[in-house]
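What follows is the content of coords21.txt (compact mmCIF, C-alpha atoms).
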```
# COMPACT_ATOMS: atom_id res chain seq x y z
CA MET A 26 0.00 0.00 0.00
CA ASN A 27 1.27 3.46 -0.85
CA ASP A 28 1.51 5.24 2.51
CA LYS A 29 1.66 8.69 0.83
CA ARG A 30 -1.95 8.40 -0.26
CA CYS A 31 -4.57 10.28 1.64
CA ILE A 32 -8.29 9.84 2.13
CA SER A 33 -10.20 13.00 2.98
CA ILE A 34 -13.32 13.12 5.14
CA ILE A 35 -15.37 16.21 4.33
CA GLY A 36 -18.36 17.77 6.04
CA LEU A 37 -19.16 15.03 8.56
CA SER A 38 -19.97 15.83 12.20
CA SER A 39 -17.17 15.26 14.70
CA LEU A 40 -18.72 12.00 15.88
CA GLU A 41 -19.33 10.74 12.33
CA ALA A 42 -15.76 11.63 11.35
CA LEU A 43 -14.40 9.85 14.40
CA GLY A 44 -16.41 6.74 13.57
CA MET A 45 -15.29 6.86 9.95
CA ARG A 46 -11.63 7.07 11.00
CA TYR A 47 -12.14 4.08 13.27
CA ALA A 48 -13.75 2.05 10.47
CA LEU A 49 -11.08 3.09 7.94
CA ARG A 50 -8.20 2.11 10.20
CA GLU A 51 -9.21 -1.53 9.89
CA SER A 52 -8.04 -1.63 6.28
CA TRP A 53 -6.19 1.61 5.47
CA ASN A 54 -2.59 2.39 6.42
CA GLY A 55 -2.37 5.65 4.51
CA ARG A 56 -3.15 9.15 5.76
CA ILE A 57 -6.62 10.39 6.69
CA GLU A 58 -7.47 14.11 6.80
CA THR A 59 -10.71 15.57 8.17
CA PHE A 60 -12.27 18.83 6.95
CA SER A 61 -15.39 20.36 8.41
CA SER A 62 -16.33 22.30 5.24
CA PHE A 63 -15.67 22.31 1.50
CA GLY A 64 -13.95 25.70 1.83
CA GLU A 65 -11.50 24.24 4.34
CA PHE A 66 -10.90 21.20 2.11
CA ILE A 67 -10.43 22.82 -1.31
CA PRO A 68 -6.85 24.21 -0.82
CA PHE A 69 -5.72 20.61 -0.19
CA ALA A 70 -7.96 18.95 -2.80
CA GLU A 71 -5.17 18.14 -5.29
CA LYS A 72 -3.26 16.23 -2.60
CA MET A 73 -6.19 13.95 -1.79
CA ASP A 74 -6.67 10.55 -3.37
CA ALA A 75 -10.21 9.75 -2.22
CA PHE A 76 -13.14 11.63 -0.77
CA ILE A 77 -15.66 10.61 1.87
CA VAL A 78 -18.17 13.42 1.77
CA SER A 79 -21.52 14.34 3.29
CA SER A 80 -24.41 14.32 0.81
CA ASP A 81 -25.16 18.04 1.26
CA ILE A 82 -21.56 19.08 0.50
CA TYR A 83 -21.57 16.66 -2.44
CA ALA A 84 -24.77 18.20 -3.82
CA CYS A 85 -23.46 21.76 -3.51
CA ASN A 86 -20.13 20.92 -5.17
CA ILE A 87 -21.16 18.38 -7.77
CA ASP A 88 -18.84 19.93 -10.39
CA PHE A 89 -15.89 18.91 -8.27
CA PHE A 90 -17.02 15.46 -7.20
CA LEU A 91 -18.68 14.14 -10.36
CA PRO A 92 -15.43 13.77 -12.35
CA ARG A 93 -13.97 11.99 -9.28
CA LYS A 94 -16.98 9.74 -8.84
CA GLN A 95 -14.98 6.50 -8.64
CA LYS A 96 -12.96 7.83 -5.71
CA THR A 97 -15.83 9.49 -3.88
CA LEU A 98 -18.00 7.95 -1.22
CA LEU A 99 -21.21 9.73 -0.43
CA VAL A 100 -22.33 9.62 3.20
CA SER A 101 -26.09 9.62 3.44
CA ARG A 102 -27.83 10.40 6.71
CA VAL A 103 -31.06 8.89 5.47
CA ALA A 104 -31.65 5.16 5.11
CA VAL A 105 -30.51 3.85 1.72
CA ASN A 106 -30.29 0.34 0.38
CA THR A 107 -26.78 -1.18 0.19
CA ASN A 108 -27.40 -1.80 -3.53
CA HIS A 109 -28.37 1.78 -4.33
CA PRO A 110 -29.17 1.97 -8.04
CA SER A 111 -27.83 5.50 -8.67
CA GLY A 112 -24.33 4.36 -9.68
CA TYR A 113 -22.81 6.50 -6.90
CA HIS A 114 -20.75 4.89 -4.18
CA ILE A 115 -22.84 5.47 -1.09
CA ILE A 116 -22.50 4.70 2.58
CA SER A 117 -25.28 5.27 5.06
CA SER A 118 -25.02 6.00 8.77
CA ASN A 119 -27.90 3.58 9.39
CA TRP A 120 -25.91 0.57 8.09
CA ASP A 121 -24.30 -1.91 10.42
CA LEU A 122 -20.51 -1.82 10.87
CA ALA A 123 -19.87 -4.80 8.57
CA GLU A 124 -21.66 -3.11 5.67
CA ILE A 125 -19.78 0.14 6.29
CA LYS A 126 -16.41 -1.64 6.46
CA GLY A 127 -17.21 -3.61 3.28
CA THR A 128 -17.98 -0.38 1.40
CA LEU A 129 -14.80 1.28 2.68
CA GLU A 130 -12.74 -1.76 1.64
CA ARG A 131 -14.16 -1.48 -1.89
CA LEU A 132 -13.17 2.22 -2.00
CA ILE A 133 -9.65 1.33 -0.86
CA SER A 134 -9.47 -1.46 -3.41
CA ARG A 135 -10.44 0.98 -6.21
CA LEU A 136 -7.68 3.29 -4.98
CA GLU A 137 -5.05 0.57 -4.88
CA ASN A 138 -5.97 -0.69 -8.34
CA SER A 139 -5.85 2.78 -9.86
CA GLU A 140 -2.80 3.96 -11.78
CA GLU A 141 0.20 5.53 -10.10
CA PRO A 142 -0.47 9.26 -9.77
CA LYS A 143 0.31 11.08 -12.98
CA GLY A 144 3.51 13.07 -12.93
CA GLU A 145 5.09 11.11 -10.11
CA LEU A 146 8.34 10.06 -11.76
CA SER A 147 10.84 7.64 -10.30
CA ALA A 148 14.45 8.78 -9.83
CA ARG A 149 15.49 6.60 -12.79
CA GLU A 150 12.80 8.07 -15.02
CA ILE A 151 14.00 11.57 -14.14
CA GLU A 152 17.56 10.56 -15.11
CA VAL A 153 16.28 9.21 -18.45
CA LEU A 154 14.23 12.37 -18.99
CA ARG A 155 17.29 14.54 -18.34
CA LEU A 156 19.29 12.59 -20.92
CA ILE A 157 16.44 12.74 -23.49
CA ALA A 158 16.33 16.50 -22.97
CA ALA A 159 20.09 16.61 -23.57
CA GLY A 160 19.40 15.11 -27.00
CA LYS A 161 20.85 11.65 -26.27
CA LEU A 162 19.74 8.67 -28.33
CA ASN A 163 18.42 5.48 -26.72
CA LYS A 164 21.78 3.72 -27.14
CA GLU A 165 23.67 6.63 -25.55
CA ILE A 166 21.22 6.75 -22.64
CA ALA A 167 21.61 2.98 -22.17
CA ASP A 168 25.43 3.29 -22.14
CA THR A 169 25.38 6.24 -19.74
CA LEU A 170 23.08 4.51 -17.24
CA CYS A 171 24.51 0.99 -17.80
CA ILE A 172 21.11 -0.42 -18.73
CA SER A 173 19.79 -2.12 -21.87
CA VAL A 174 18.23 -0.23 -24.77
CA ASN A 175 14.99 -2.13 -24.12
CA THR A 176 14.93 -0.78 -20.55
CA VAL A 177 15.44 2.75 -21.90
CA ILE A 178 12.51 2.22 -24.28
CA THR A 179 10.38 1.03 -21.35
CA HIS A 180 11.33 4.13 -19.34
CA ARG A 181 10.43 6.34 -22.32
CA LYS A 182 7.05 4.65 -22.65
CA ASN A 183 6.41 5.10 -18.92
CA LEU A 184 7.42 8.77 -19.12
CA SER A 185 5.04 9.33 -22.04
CA SER A 186 2.25 7.53 -20.28
CA LYS A 187 2.71 9.29 -16.92
CA LEU A 188 3.19 12.78 -18.36
CA GLY A 189 0.80 12.52 -21.31
CA ILE A 190 3.55 13.72 -23.66
CA LYS A 191 4.30 11.81 -26.86
CA SER A 192 7.32 13.41 -28.55
CA ALA A 193 10.97 13.60 -27.45
CA SER A 194 10.95 17.38 -27.92
CA GLY A 195 7.79 17.55 -25.79
CA LEU A 196 9.58 15.64 -23.03
CA SER A 197 12.50 18.09 -23.32
CA LEU A 198 10.13 21.04 -22.99
CA TYR A 199 8.54 19.44 -19.93
CA ALA A 200 12.00 18.95 -18.38
CA MET A 201 12.84 22.60 -19.05
CA MET A 202 9.55 23.90 -17.65
CA ASN A 203 9.91 21.83 -14.48
CA GLY A 204 13.55 22.62 -13.72
CA ILE A 205 14.75 19.08 -14.48
CA ILE A 206 17.39 20.56 -16.82
CA MET B 25 -19.85 5.67 -35.97
CA ALA B 26 -22.13 4.88 -38.90
CA LEU B 27 -20.39 5.10 -42.26
CA TYR B 28 -21.76 7.24 -45.05
CA ASN B 29 -22.89 5.58 -48.27
CA ARG B 30 -23.95 6.77 -51.73
CA ASP B 31 -27.56 7.21 -50.57
CA SER B 32 -26.67 9.40 -47.56
CA LYS B 33 -27.55 13.06 -47.95
CA LEU B 34 -24.36 15.10 -48.35
CA SER B 35 -25.91 18.14 -46.63
CA GLU B 36 -26.70 16.01 -43.55
CA ALA B 37 -23.14 14.65 -43.44
CA ILE B 38 -21.74 18.19 -43.55
CA MET B 39 -24.17 19.46 -40.93
CA ALA B 40 -23.17 16.59 -38.62
CA HIS B 41 -19.43 17.05 -39.31
CA PRO B 42 -18.54 20.63 -40.30
CA SER B 43 -14.87 19.56 -40.47
CA LEU B 44 -15.87 17.93 -43.78
CA ILE B 45 -16.23 21.35 -45.44
CA PRO B 46 -12.54 21.76 -46.43
CA VAL B 47 -12.46 18.05 -47.34
CA VAL B 48 -15.34 18.25 -49.83
CA ASN B 49 -13.88 21.54 -51.14
CA ARG B 50 -10.60 19.76 -51.88
CA LEU B 51 -12.55 17.09 -53.70
CA GLY B 52 -14.15 19.72 -55.94
CA ILE B 53 -17.48 20.31 -54.22
CA ARG B 54 -18.41 23.76 -52.94
CA LEU B 55 -21.05 24.67 -50.37
CA GLY B 56 -24.59 25.00 -51.65
CA VAL B 57 -24.69 21.25 -52.16
CA GLY B 58 -28.50 21.06 -52.30
CA ASP B 59 -30.41 18.19 -50.75
CA GLY B 60 -29.16 15.42 -53.04
CA SER B 61 -27.55 12.15 -52.01
CA ILE B 62 -23.77 11.77 -52.07
CA GLY B 63 -24.12 9.63 -55.21
CA MET B 64 -26.13 12.33 -56.99
CA VAL B 65 -23.83 15.19 -55.99
CA CYS B 66 -20.70 13.22 -56.99
CA ALA B 67 -22.24 12.35 -60.37
CA GLY B 68 -23.09 16.01 -60.94
CA CYS B 69 -19.51 17.07 -60.17
CA ASN B 70 -17.91 14.16 -62.07
CA ILE B 71 -16.28 12.72 -58.94
CA GLY B 72 -16.01 8.96 -58.37
CA THR B 73 -18.51 8.19 -55.61
CA ASP B 74 -16.51 5.26 -54.21
CA PHE B 75 -13.40 7.40 -53.94
CA PHE B 76 -15.35 10.27 -52.38
CA LEU B 77 -16.92 7.94 -49.80
CA SER B 78 -13.55 6.38 -48.98
CA VAL B 79 -12.02 9.79 -48.35
CA ILE B 80 -14.78 11.13 -46.12
CA ASN B 81 -15.24 7.87 -44.20
CA THR B 82 -11.47 7.52 -43.65
CA PHE B 83 -11.35 11.16 -42.60
CA LEU B 84 -14.14 10.76 -40.06
CA ASP B 85 -13.67 7.26 -38.72
CA GLU B 86 -10.31 6.08 -37.44
CA ASP B 87 -11.46 2.45 -37.50
CA TYR B 88 -12.45 2.53 -41.16
CA PHE B 89 -10.18 0.84 -43.70
CA PRO B 90 -11.32 1.56 -47.26
CA SER B 91 -11.18 -1.10 -49.91
CA ASP B 92 -10.83 -0.34 -53.59
CA ALA B 93 -13.07 -3.28 -54.47
CA THR B 94 -14.23 -1.66 -57.68
CA GLY B 95 -10.67 -0.67 -58.69
CA THR B 96 -11.78 2.89 -59.35
CA PHE B 97 -9.50 4.80 -56.98
CA SER B 98 -7.30 7.16 -58.93
CA LEU B 99 -3.71 7.98 -57.99
CA ALA B 100 -3.99 11.36 -59.71
CA LYS B 101 -7.13 12.29 -57.76
CA THR B 102 -5.62 11.17 -54.45
CA VAL B 103 -2.47 13.19 -55.11
CA ASP B 104 -4.60 16.16 -56.14
CA TYR B 105 -6.57 15.89 -52.88
CA LEU B 106 -3.37 15.73 -50.80
CA GLN B 107 -1.82 18.63 -52.71
CA LYS B 108 -4.84 20.76 -51.88
CA THR B 109 -4.62 19.61 -48.27
CA ASN B 110 -0.95 20.60 -48.09
CA ASN B 111 -1.73 23.99 -49.61
CA TYR B 112 -4.45 24.49 -47.00
CA TYR B 113 -1.90 23.86 -44.22
CA LEU B 114 0.60 26.24 -45.82
CA ARG B 115 -1.68 29.03 -46.92
CA VAL B 116 -4.45 29.00 -44.33
CA GLN B 117 -3.85 27.02 -41.15
CA LEU B 118 -0.19 27.75 -40.39
CA PRO B 119 -0.39 31.51 -41.17
CA ASN B 120 -3.55 31.64 -39.07
CA ILE B 121 -1.75 30.12 -36.07
CA ASP B 122 1.31 32.36 -36.66
CA ARG B 123 -0.88 35.45 -36.63
CA HIS B 124 -2.86 34.48 -33.53
CA PHE B 125 0.26 33.34 -31.67
CA GLY B 126 2.04 36.63 -32.46
CA SER B 127 -0.93 38.67 -31.19
CA LEU B 128 -1.25 36.45 -28.11
CA ILE B 129 2.36 37.06 -27.08
CA GLU B 130 2.10 40.76 -27.91
CA ARG B 131 -1.00 41.28 -25.78
CA SER B 132 -0.13 39.03 -22.84
CA GLY B 133 2.10 39.72 -19.88
CA SER B 134 5.74 38.66 -19.73
CA ASP B 135 5.32 36.38 -16.71
CA ASN B 136 4.06 33.41 -18.72
CA ASN B 137 5.66 30.52 -20.59
CA LEU B 138 4.15 31.39 -23.98
CA HIS B 139 7.58 32.02 -25.53
CA LEU B 140 8.59 28.44 -24.77
CA LEU B 141 5.35 27.17 -26.31
CA ARG B 142 5.86 29.31 -29.41
CA LYS B 143 9.40 27.94 -29.81
CA PHE B 144 7.95 24.42 -29.60
CA TYR B 145 5.31 25.36 -32.19
CA GLN B 146 7.93 26.86 -34.52
CA ASP B 147 10.04 23.68 -34.37
CA MET B 148 6.96 21.61 -35.21
CA ARG B 149 6.07 24.06 -38.00
CA GLY B 150 9.56 23.67 -39.47
CA GLN B 151 9.22 19.90 -39.49
CA LEU B 152 5.76 20.04 -41.06
CA THR B 153 7.01 22.44 -43.74
CA GLU B 154 9.86 20.01 -44.54
CA CYS B 155 7.31 17.19 -44.96
CA LEU B 156 5.21 19.39 -47.26
CA SER B 157 8.25 20.35 -49.34
CA TYR B 158 9.22 16.70 -49.68
CA ASP B 159 5.73 15.90 -50.96
CA GLU B 160 5.73 18.81 -53.38
CA ASP B 161 9.27 18.44 -54.71
CA ILE B 162 9.82 14.67 -54.65
CA LEU B 163 6.84 12.49 -53.78
CA PHE B 164 4.00 14.01 -55.83
CA PRO B 165 6.04 14.55 -59.02
CA ALA B 166 7.27 10.95 -58.78
CA LEU B 167 3.73 9.62 -58.33
CA THR B 168 2.16 11.67 -61.08
CA GLY B 169 5.15 11.06 -63.37
CA GLY B 170 4.63 7.31 -63.10
CA SER B 171 7.87 6.50 -61.24
CA VAL B 172 6.15 4.71 -58.37
CA ASP B 173 8.84 2.05 -57.96
CA SER B 174 11.35 4.42 -56.41
CA VAL B 175 9.02 6.46 -54.18
CA GLU B 176 9.54 6.62 -50.45
CA PHE B 177 7.03 8.11 -48.04
CA ASN B 178 8.16 10.68 -45.50
CA SER B 179 7.71 9.36 -41.97
CA GLY B 180 7.87 12.87 -40.50
CA TYR B 181 4.10 13.34 -40.45
CA SER B 182 3.60 10.99 -37.51
CA GLU B 183 6.18 12.99 -35.50
CA VAL B 184 4.33 16.18 -36.44
CA GLU B 185 1.13 14.55 -35.20
CA GLU B 186 2.80 13.76 -31.86
CA LYS B 187 4.17 17.29 -31.51
CA LEU B 188 0.79 18.85 -32.25
CA HIS B 189 -0.73 16.66 -29.56
CA ASP B 190 2.00 17.75 -27.14
CA LEU B 191 1.57 21.43 -27.99
CA LEU B 192 -2.14 21.23 -27.19
CA PHE B 193 -1.35 19.30 -24.03
CA PHE B 194 1.14 21.97 -22.87
CA PHE B 195 -1.48 24.66 -23.42
CA VAL B 196 -4.12 22.72 -21.54
CA GLU B 197 -2.02 21.45 -18.66
CA HIS B 198 1.11 23.59 -18.32
CA LEU B 199 0.25 27.13 -19.39
CA LYS B 200 1.33 29.56 -16.66
CA GLY B 201 1.03 33.26 -15.92
CA GLU B 202 -1.14 36.03 -17.34
CA TYR B 203 -2.35 35.88 -20.92
CA ASP B 204 -5.10 37.19 -23.20
CA LEU B 205 -7.92 34.71 -22.82
CA ASN B 206 -9.58 35.25 -26.21
CA LEU B 207 -6.38 35.12 -28.21
CA CYS B 208 -5.25 32.04 -26.32
CA THR B 209 -8.53 30.33 -27.20
CA ALA B 210 -8.01 31.35 -30.83
CA VAL B 211 -4.51 29.80 -30.87
CA VAL B 212 -5.63 26.59 -29.17
CA SER B 213 -8.64 26.23 -31.50
CA ALA B 214 -6.46 26.78 -34.57
CA VAL B 215 -3.85 24.27 -33.34
CA PHE B 216 -6.60 21.81 -32.51
CA SER B 217 -8.06 22.15 -35.98
CA LEU B 218 -4.64 21.63 -37.61
CA ALA B 219 -3.89 18.63 -35.35
CA LYS B 220 -7.16 16.99 -36.30
CA ASP B 221 -6.63 17.69 -39.98
CA VAL B 222 -3.06 16.32 -39.97
CA CYS B 223 -4.16 13.20 -38.12
CA GLN B 224 -7.12 12.58 -40.42
CA ASN B 225 -5.14 13.22 -43.60
CA ASN B 226 -2.35 10.92 -42.41
CA ARG B 227 -5.00 8.21 -42.41
CA ILE B 228 -5.92 9.06 -46.00
CA ARG B 229 -2.21 8.95 -46.88
CA SER B 230 -1.62 5.57 -45.25
CA ARG B 231 -4.95 3.89 -46.04
CA ILE B 232 -5.67 5.15 -49.56
CA LEU B 233 -2.47 6.52 -51.15
CA LEU B 234 -0.04 3.92 -49.81
CA PRO B 235 -2.14 0.86 -50.86
CA LEU B 236 -2.65 2.44 -54.31
CA VAL B 237 1.10 2.87 -54.73
CA GLU B 238 1.78 -0.67 -53.48
CA LYS B 239 -0.78 -1.98 -55.97
CA LEU B 240 0.85 -0.06 -58.84
CA LYS B 241 4.28 -1.37 -57.83
CA ARG B 242 3.03 -4.93 -58.24
CA ILE B 243 1.73 -4.33 -61.79
```
Translate this file's structure into structure tokens.
Amino acid sequence: MNDKRCISIIGLSSLEALGMRYALRESWNGRIETFSSFGEFIPFAEKMDAFIVSSDIYACNIDFFLPRKQKTLLVSRVAVNTNHPSGYHIISSNWDLAEIKGTLERLISRLENSEEPKGELSAREIEVLRLIAAGKLNKEIADTLCISVNTVITHRKNLSSKLGIKSASGLSLYAMMNGII
Amino acid sequence: MALYNRDSKLSEAIMAHPSLIPVVNRLGIRLGVGDGSIGMVCAGCNIGTDFFLSVINTFLDEDYFPSDATGTFSLAKTVDYLQKTNNYYLRVQLPNIDRHFGSLIERSGSDNNLHLLRKFYQDMRGQLTECLSYDEDILFPALTGGSVDSVEFNSGYSEVEEKLHDLLFFFVEHLKGEYDLNLCTAVVSAVFSLAKDVCQNNRIRSRILLPLVEKLKRI
């Protein structure tokens, strides 16, 4: 499990938040942050990997949560069926603890099966990026880093996939813009 | 997506896909197409309907692979289409981006990274211009002159496609600082339009022109 990842709890009462933390700790070793309002949460939003949010805050900020639907868990204070047909991931405070834990485990599982966060490059990938930006060919990069050309090609593919950039000159520009060279 | 056929109404195809306008222009059809079917309009303009359908379907649908089952595709017409496409890049799309990009930098603050993006664009532009010159000076004369055996296709277009994608991506994800919002939208829209056109015409190049040349080589 990636211990840098963080689940945010937004807009729940102190008691609800405390209970949620307790339930999460059964299966989550990462960080948990609690925010009493959306305003308090939003400066940290980009650093959060999943969202457990009260239904009223969800409804008022649907533009934010809808694109992050797979990583959002809606906390309903009214009774809802465990197989809610809306397609949203919902948890209800009237469920028993086993149902709540099961739903949280599914959220964590979706998080763990998701891709590595975009833009998070390994030290080796940064070295390869620096050499690409210096105009080195695959063979030269392989010789410099004492790795095979196939490994260099794999690093290039990973860089393209993580950064969303396809061309070598695009990778160079990215390196320049981000102080890597 | 559903493919167009000879009975489809041309006006409906254009209304659904306005990006077809320059394509049908290059094929010799101007707006004011009436309400006739593609077959009728092509017959009226003396354009092979099968060829016309292959071009527009290849242009619109990346999963479509045309087949010259009737053997009516013409090398001369395909080259003519691509020549008009290249001229459109050179005379309309690239100058349009140049102009908008110049105004954008002129009217935006200095605390942004637009200069870096323009340098990236200019490098891509240089590469695209080289590809166009190769077509005009070497490839097209060889194809229309009948020397198909010796022709080689320039692989630079796929790199241009990648760089256009990256340029758009840098605008969308990495643009920083103050800039003129309207002019920036104009640049991004123009780059987007060129990127789409290059990508779609590369398909016509590889799925219509290349098989035609391969077929002629075997004769």
With only C-alpha atoms considered, list every residue of chain B at most 7 Å from chain A, as an MDAnalysis selection string. chainID B and resid 186:187 190
Selected residues, C-alpha atoms, written as a CSV table (one decimal), keeping the file's coordinate frame, please.
```csv
chain,number,residue,atom,x,y,z
B,186,GLU,CA,2.8,13.8,-31.9
B,187,LYS,CA,4.2,17.3,-31.5
B,190,ASP,CA,2.0,17.8,-27.1
```
Students should find that atom CA of Leu207 of chain B and atom CA of Arg142 of chain B are spaced 13.6 Å
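Counting all atoms listed in the file and comparing B:Ser127, B:Ser91, B:Ser43, B:Asn226, the residue that lies closest to Cys208 of chain B is B:Ser127.
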In terms of the shortest atom-to-atom distance over all atoms listed in the file, which of A:Arg46, A:Arg30, A:Arg155, A:His180 is closest to Lys126 of chain A?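 Once distances to Lys126 of chain A are computed over all atoms listed in the file, the minimum belongs to A:Arg46.
Relative to atom CA of Lys96 of chain A, atom CA of Asp74 of chain A is found at 7.2 Å.
Going from atom CA of Arg102 of chain A over to atom CA of Ile116 of chain A, you cover 8.8 Å.
The shell of residues at most 6 Å from segment 95-107 of chain B, with only C-alpha atoms counted and near chain neighbours (fewer than 3 positions) removed, consists of Arg50, Phe75, Asp92 and Asn110 of chain B.
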Surrounding residues of Ile157 of chain A excluding itself and chain neighbours under 6 positions, 10 Å, all atoms listed in the file, as a PyMOL selection string: chain A and resi 151+163+165-166+181+193-194+196-197+200
Here is a test: counting only C-alpha atoms, which residue of B:His41, B:Arg231, B:Lys241, B:Arg131 is nearest to Phe89 of chain B?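 That would be B:Arg231, the residue with the smallest distance to Phe89 of chain B.
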Of the listed residues B:Leu163, B:Cys155, B:Ala214, B:Val47, that which approaches Ile228 of chain B most closely, counting all atoms listed in the file: B:Val47
Around all of segment 166-185 of chain B's listed atoms, make the axis-aligned box with 3 Å on each side and tell me centre and edge lengths in Å to one decimal, as AutoDock Vina command-line options.
```
--center_x 6.2 --center_y 9.1 --center_z -49.3 --size_x 16.2 --size_y 20.1 --size_z 34.2
```
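For the point (-23.6, 14.3, 8.0) in file coordinates, the residues within 6 Å, using only C-alpha atoms, are Leu37, Ser38, Ser79 and Arg102 of chain A.
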Long-range neighbours of Ile80 of chain B as a list in words, 9 Å cut-off, only C-alpha atoms, 3 positions minimum in chain: Tyr28, Leu44, Val47, Val48, Phe75, Phe76, Leu77, Phe83, Leu84 and Asp85 of chain B
Gly60 of chain B: which residues within 8 Å, counting all atoms listed in the file, same-chain residues fewer than 2 positions away excluded, as a list of chain:residue names?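 These residues fall inside the cut-off: B:Lys33, B:Leu34, B:Ser35, B:Val57, B:Gly58, B:Ile62, B:Gly63, B:Met64, B:Val65.
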Glu71 of chain A surroundings by only C-alpha atoms, 12 Å radius, close-in-sequence under 4 positions cut, as a PyMOL selection string: chain A and resi 30-33+66-67+75-76+89+93+142-143
Write the residues of the preceding selection, restricted to C-alpha atoms, as an mmCIF file, keeping the file's coordinate frame.
```
data_model
loop_
_atom_site.group_PDB
_atom_site.id
_atom_site.type_symbol
_atom_site.label_atom_id
_atom_site.label_comp_id
_atom_site.auth_asym_id
_atom_site.auth_seq_id
_atom_site.Cartn_x
_atom_site.Cartn_y
_atom_site.Cartn_z
ATOM 1 C CA ARG A 30 -1.950 8.400 -0.260
ATOM 2 C CA CYS A 31 -4.570 10.280 1.640
ATOM 3 C CA ILE A 32 -8.290 9.840 2.130
ATOM 4 C CA SER A 33 -10.200 13.000 2.980
ATOM 5 C CA PHE A 66 -10.900 21.200 2.110
ATOM 6 C CA ILE A 67 -10.430 22.820 -1.310
ATOM 7 C CA ALA A 75 -10.210 9.750 -2.220
ATOM 8 C CA PHE A 76 -13.140 11.630 -0.770
ATOM 9 C CA PHE A 89 -15.890 18.910 -8.270
ATOM 10 C CA ARG A 93 -13.970 11.990 -9.280
ATOM 11 C CA PRO A 142 -0.470 9.260 -9.770
ATOM 12 C CA LYS A 143 0.310 11.080 -12.980
#
```
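Between Ala67 of chain B and the residues B:Pro42, B:Glu185, B:Asn81, B:Arg30, the shortest atom-to-atom distance, using all atoms listed in the file, involves B:Arg30.
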